[in-house]
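Written below as structure tokens is the structure these notes are about.
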Amino acid sequence: MSGGVAHAPAGGADCAPVLRERGQREVFCGLTGIVWLHRKMQDAFFLVVGSRTCAHLLQSAAGVMIFAEPRFATAIIEERDLAGMADCHDELDRVVTRLLERRPEIRTLFLVGSCPSEVIKLDLAKAAQRLGTQYAPQVRILNYSGSGIETTFTEGEDACLAALVPEMSALPAGSPTELLVVGALPDIVEDQFMRLFAELGVERVGVLPARRACDLPPVGPDTLFLIAQPFLTETAMALENRGARHLEALLPFGAEGTTDWLRAAAHAFGVDDMHFNRVIAPGRERAKRAIAHSREKLEGKRITFLPDSQLEVPLARFLATELGMVPVEVGTPYLNRRLVGRELALLPAETRISEGQHVDRQLDRVRADRPDLTVCGLGLANPLESEGLSTKWAIELVFSPIHGFEQAGDLAELFARPLRRRDVLRV
Ligand code: SF4
């Protein structure tokens, strides 16, 4: 394990040294993404090829599914020697056949890899190809890894969306330019953005992931894409390899982030500034008013983010620029300057930026800094609370609708609430 300091280009916290840490990660694995992805993709099914631990993680993370016909399951692979691997493939084929016979509505089946050594030995790409040929064109069978060895928490979504990119049909050269919004957003938030794009006059808009397999949008050199989640590094690269171009923008968090994100699309599609301002003004004003409610509680308060979801940098930017909070340390599992470079430039230059995790050193720094609020994983929150430090569970930020104008007030409130609770407990 080692820590090191590398210097970044000038501008905002871009001038700050980045503390790079290489230790054990205290975050969920990429399987967790299934919890929100299965809600988004309504005719997809996620078959985790894993152990009982994986099954428990999914069941406890998505316990609500007892109310509905589930759209994920775990095929449990018990320990066996290499000679038994052929049986493993047969068993997987049997499970898939049974599943698809029983659930004819499934249009996309993801075989999701995990970390047990038996699963690592199993070639899921080959299995997906073999089964995909058998069930095409009714069912698309794809694979990706959600293993805790290869992926942290939100990287599962990145791996899943990257697996979908080769399935997107080719947008013929010379087609009218299309906008692609990339990242799983709650339906209500996606609908709000679609209404705004329509009002702006940007008519050809696709989303990845699409709600239904038949709506998977095409992609090509006439596709411009906006990233709605900062953790989609592989997906962005896969889209660029298909010729699509990334529109650089802030992430759509808060009044300013959302305005910047929408403006990037508006400029690219030639929407004039007056029309743009007229369309977004009501939402932007509502967002500002809603945020103001939490400002009194948050202004001047010091905040530390421990690395968890990769949402840390854009959220710190939102809290610093729109609520007057003071980011002390902003830790993130990976720092992709291409996707969050503009966000970094807006953080105060003295913000300590860290990439990767060394949990003991990070906790030592939190204890020395004593921020007013620490955003961290579930496992670290209780020990910090017992030391009198207020915490916010990072996972709530992933599971709550936080993008766009209409959610800006709720997003601010998610940070204000733990501070209010602390004040009440003190009285
Ligand atoms: S994929 Fe690995 S880290 Fe994730 S639940 Fe399964 S065993 Fe645990």
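Identifiers for the structure tokens are assigned positionally: chains receive A, B, ... in sequence, residues are indexed from 1 per chain, and ligands are indexed from 1 in the order shown.
Residues surrounding region 295-310 of chain A within 7 Å are Val27, Phe153, Thr154, Pro230, Phe231, Ile291, Leu323, Gly324, Met325, Val326, Pro327, Val328, Glu329, Val330, Gly331, Thr332, Pro333, Tyr334, Gly356, Gln357, Pro371, Asp372, Leu373, Thr374, Val375, Cys376, Gly377, Ala394 and Ala416 of chain A [only C-alpha atoms; sequence separation below 4 positions excluded].
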Got time to write the residues from that selection, N, CA and C atoms, as a PDB file, in the first residue's frame?
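Output file part_34.pdb is given in full below:
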```pdb
ATOM      1  N   VAL A  27     -16.126  -0.312   0.063  1.00  0.00           N
ATOM      2  CA  VAL A  27     -17.356   0.046  -0.656  1.00  0.00           C
ATOM      3  C   VAL A  27     -18.053  -1.224  -1.139  1.00  0.00           C
ATOM      4  N   PHE A 153     -18.804  -0.310  -6.232  1.00  0.00           N
ATOM      5  CA  PHE A 153     -20.183   0.162  -6.212  1.00  0.00           C
ATOM      6  C   PHE A 153     -20.805   0.585  -7.572  1.00  0.00           C
ATOM      7  N   THR A 154     -20.532   1.800  -8.023  1.00  0.00           N
ATOM      8  CA  THR A 154     -21.218   2.305  -9.213  1.00  0.00           C
ATOM      9  C   THR A 154     -20.596   1.828 -10.527  1.00  0.00           C
ATOM     10  N   PRO A 230     -21.247  10.574 -13.199  1.00  0.00           N
ATOM     11  CA  PRO A 230     -19.805  10.798 -13.400  1.00  0.00           C
ATOM     12  C   PRO A 230     -18.971   9.520 -13.441  1.00  0.00           C
ATOM     13  N   PHE A 231     -19.610   8.364 -13.236  1.00  0.00           N
ATOM     14  CA  PHE A 231     -18.824   7.134 -13.116  1.00  0.00           C
ATOM     15  C   PHE A 231     -18.833   6.293 -14.390  1.00  0.00           C
ATOM     16  N   ILE A 291     -33.253  25.451  -2.925  1.00  0.00           N
ATOM     17  CA  ILE A 291     -31.925  25.291  -2.315  1.00  0.00           C
ATOM     18  C   ILE A 291     -31.753  26.278  -1.152  1.00  0.00           C
ATOM     19  N   LEU A 323     -24.193  26.335  -2.089  1.00  0.00           N
ATOM     20  CA  LEU A 323     -24.645  26.370  -0.688  1.00  0.00           C
ATOM     21  C   LEU A 323     -23.597  26.927   0.254  1.00  0.00           C
ATOM     22  N   GLY A 324     -22.449  27.310  -0.277  1.00  0.00           N
ATOM     23  CA  GLY A 324     -21.423  27.943   0.563  1.00  0.00           C
ATOM     24  C   GLY A 324     -20.745  26.991   1.529  1.00  0.00           C
ATOM     25  N   MET A 325     -20.814  25.682   1.274  1.00  0.00           N
ATOM     26  CA  MET A 325     -20.101  24.753   2.170  1.00  0.00           C
ATOM     27  C   MET A 325     -18.608  24.773   1.852  1.00  0.00           C
ATOM     28  N   VAL A 326     -17.818  24.302   2.787  1.00  0.00           N
ATOM     29  CA  VAL A 326     -16.366  24.300   2.624  1.00  0.00           C
ATOM     30  C   VAL A 326     -15.890  22.847   2.521  1.00  0.00           C
ATOM     31  N   PRO A 327     -15.558  22.381   1.306  1.00  0.00           N
ATOM     32  CA  PRO A 327     -15.056  21.008   1.209  1.00  0.00           C
ATOM     33  C   PRO A 327     -13.661  20.916   1.805  1.00  0.00           C
ATOM     34  N   VAL A 328     -13.479  19.996   2.739  1.00  0.00           N
ATOM     35  CA  VAL A 328     -12.175  19.820   3.376  1.00  0.00           C
ATOM     36  C   VAL A 328     -11.389  18.784   2.578  1.00  0.00           C
ATOM     37  N   GLU A 329     -11.951  17.570   2.506  1.00  0.00           N
ATOM     38  CA  GLU A 329     -11.346  16.538   1.670  1.00  0.00           C
ATOM     39  C   GLU A 329     -12.439  15.942   0.781  1.00  0.00           C
ATOM     40  N   VAL A 330     -12.128  15.774  -0.481  1.00  0.00           N
ATOM     41  CA  VAL A 330     -13.058  15.118  -1.399  1.00  0.00           C
ATOM     42  C   VAL A 330     -12.353  13.878  -1.920  1.00  0.00           C
ATOM     43  N   GLY A 331     -12.764  12.730  -1.379  1.00  0.00           N
ATOM     44  CA  GLY A 331     -12.161  11.463  -1.785  1.00  0.00           C
ATOM     45  C   GLY A 331     -13.066  10.767  -2.781  1.00  0.00           C
ATOM     46  N   THR A 332     -12.481  10.133  -3.759  1.00  0.00           N
ATOM     47  CA  THR A 332     -13.269   9.426  -4.762  1.00  0.00           C
ATOM     48  C   THR A 332     -12.516   8.158  -5.166  1.00  0.00           C
ATOM     49  N   PRO A 333     -13.217   7.078  -5.477  1.00  0.00           N
ATOM     50  CA  PRO A 333     -12.496   5.852  -5.838  1.00  0.00           C
ATOM     51  C   PRO A 333     -11.604   6.055  -7.065  1.00  0.00           C
ATOM     52  N   TYR A 334     -12.110   6.778  -8.061  1.00  0.00           N
ATOM     53  CA  TYR A 334     -11.339   7.064  -9.277  1.00  0.00           C
ATOM     54  C   TYR A 334     -11.600   8.501  -9.674  1.00  0.00           C
ATOM     55  N   GLY A 356      -8.745   6.862  -4.582  1.00  0.00           N
ATOM     56  CA  GLY A 356      -8.458   5.546  -4.026  1.00  0.00           C
ATOM     57  C   GLY A 356      -8.733   5.546  -2.537  1.00  0.00           C
ATOM     58  N   GLN A 357      -8.364   4.464  -1.888  1.00  0.00           N
ATOM     59  CA  GLN A 357      -8.730   4.381  -0.471  1.00  0.00           C
ATOM     60  C   GLN A 357      -7.641   3.736   0.372  1.00  0.00           C
ATOM     61  N   PRO A 371     -14.571  17.572  10.415  1.00  0.00           N
ATOM     62  CA  PRO A 371     -15.539  18.335   9.601  1.00  0.00           C
ATOM     63  C   PRO A 371     -16.919  18.309  10.250  1.00  0.00           C
ATOM     64  N   ASP A 372     -17.776  19.242   9.848  1.00  0.00           N
ATOM     65  CA  ASP A 372     -19.141  19.253  10.394  1.00  0.00           C
ATOM     66  C   ASP A 372     -19.939  18.065   9.864  1.00  0.00           C
ATOM     67  N   LEU A 373     -19.582  17.585   8.676  1.00  0.00           N
ATOM     68  CA  LEU A 373     -20.312  16.472   8.083  1.00  0.00           C
ATOM     69  C   LEU A 373     -19.342  15.607   7.280  1.00  0.00           C
ATOM     70  N   THR A 374     -19.472  14.282   7.444  1.00  0.00           N
ATOM     71  CA  THR A 374     -18.657  13.348   6.668  1.00  0.00           C
ATOM     72  C   THR A 374     -19.591  12.450   5.879  1.00  0.00           C
ATOM     73  N   VAL A 375     -19.400  12.393   4.580  1.00  0.00           N
ATOM     74  CA  VAL A 375     -20.207  11.522   3.722  1.00  0.00           C
ATOM     75  C   VAL A 375     -19.408  10.240   3.528  1.00  0.00           C
ATOM     76  N   CYS A 376     -19.992   9.112   3.927  1.00  0.00           N
ATOM     77  CA  CYS A 376     -19.210   7.873   3.897  1.00  0.00           C
ATOM     78  C   CYS A 376     -20.123   6.658   3.772  1.00  0.00           C
ATOM     79  N   GLY A 377     -19.503   5.495   3.637  1.00  0.00           N
ATOM     80  CA  GLY A 377     -20.248   4.243   3.539  1.00  0.00           C
ATOM     81  C   GLY A 377     -20.859   3.876   4.885  1.00  0.00           C
ATOM     82  N   ALA A 394     -23.434   7.678   2.070  1.00  0.00           N
ATOM     83  CA  ALA A 394     -23.246   7.946   0.639  1.00  0.00           C
ATOM     84  C   ALA A 394     -24.266   7.195  -0.217  1.00  0.00           C
ATOM     85  N   ALA A 416     -28.479  18.745   4.672  1.00  0.00           N
ATOM     86  CA  ALA A 416     -28.855  19.586   5.822  1.00  0.00           C
ATOM     87  C   ALA A 416     -29.453  18.750   6.956  1.00  0.00           C
TER      88      ALA A 416
END
```
Using only C-alpha atoms and all ligand atoms, which residues of the polymer chains come no farther than 12 Å from ligand 1? I'd like the answer as a ChimeraX atom specification. /A:25-34,48-61,74-77,112-120,144-153,155-156
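Nearest to Gly341 (chain A) of all the residues A:Val313, A:Leu216, A:Ile402, A:Ala170 is A:Val313, based on only C-alpha atoms.
Shortest atom-to-atom contact with Cys88 (chain A) among A:Glu105, A:Asp123, A:Glu157, A:Asp260: A:Asp123, counting only C-alpha atoms.
Distances here use only C-alpha atoms; by that measure, the residue among A:Ile141, A:Ala125, A:Leu250, A:Val189 closest to Arg337 (chain A) is A:Leu250.
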If you run DSSP over the backbone, which residues in region 371-413 of chain A end up strand (DSSP E)? Put them as a ChimeraX atom specification. /A:373-376,391-393
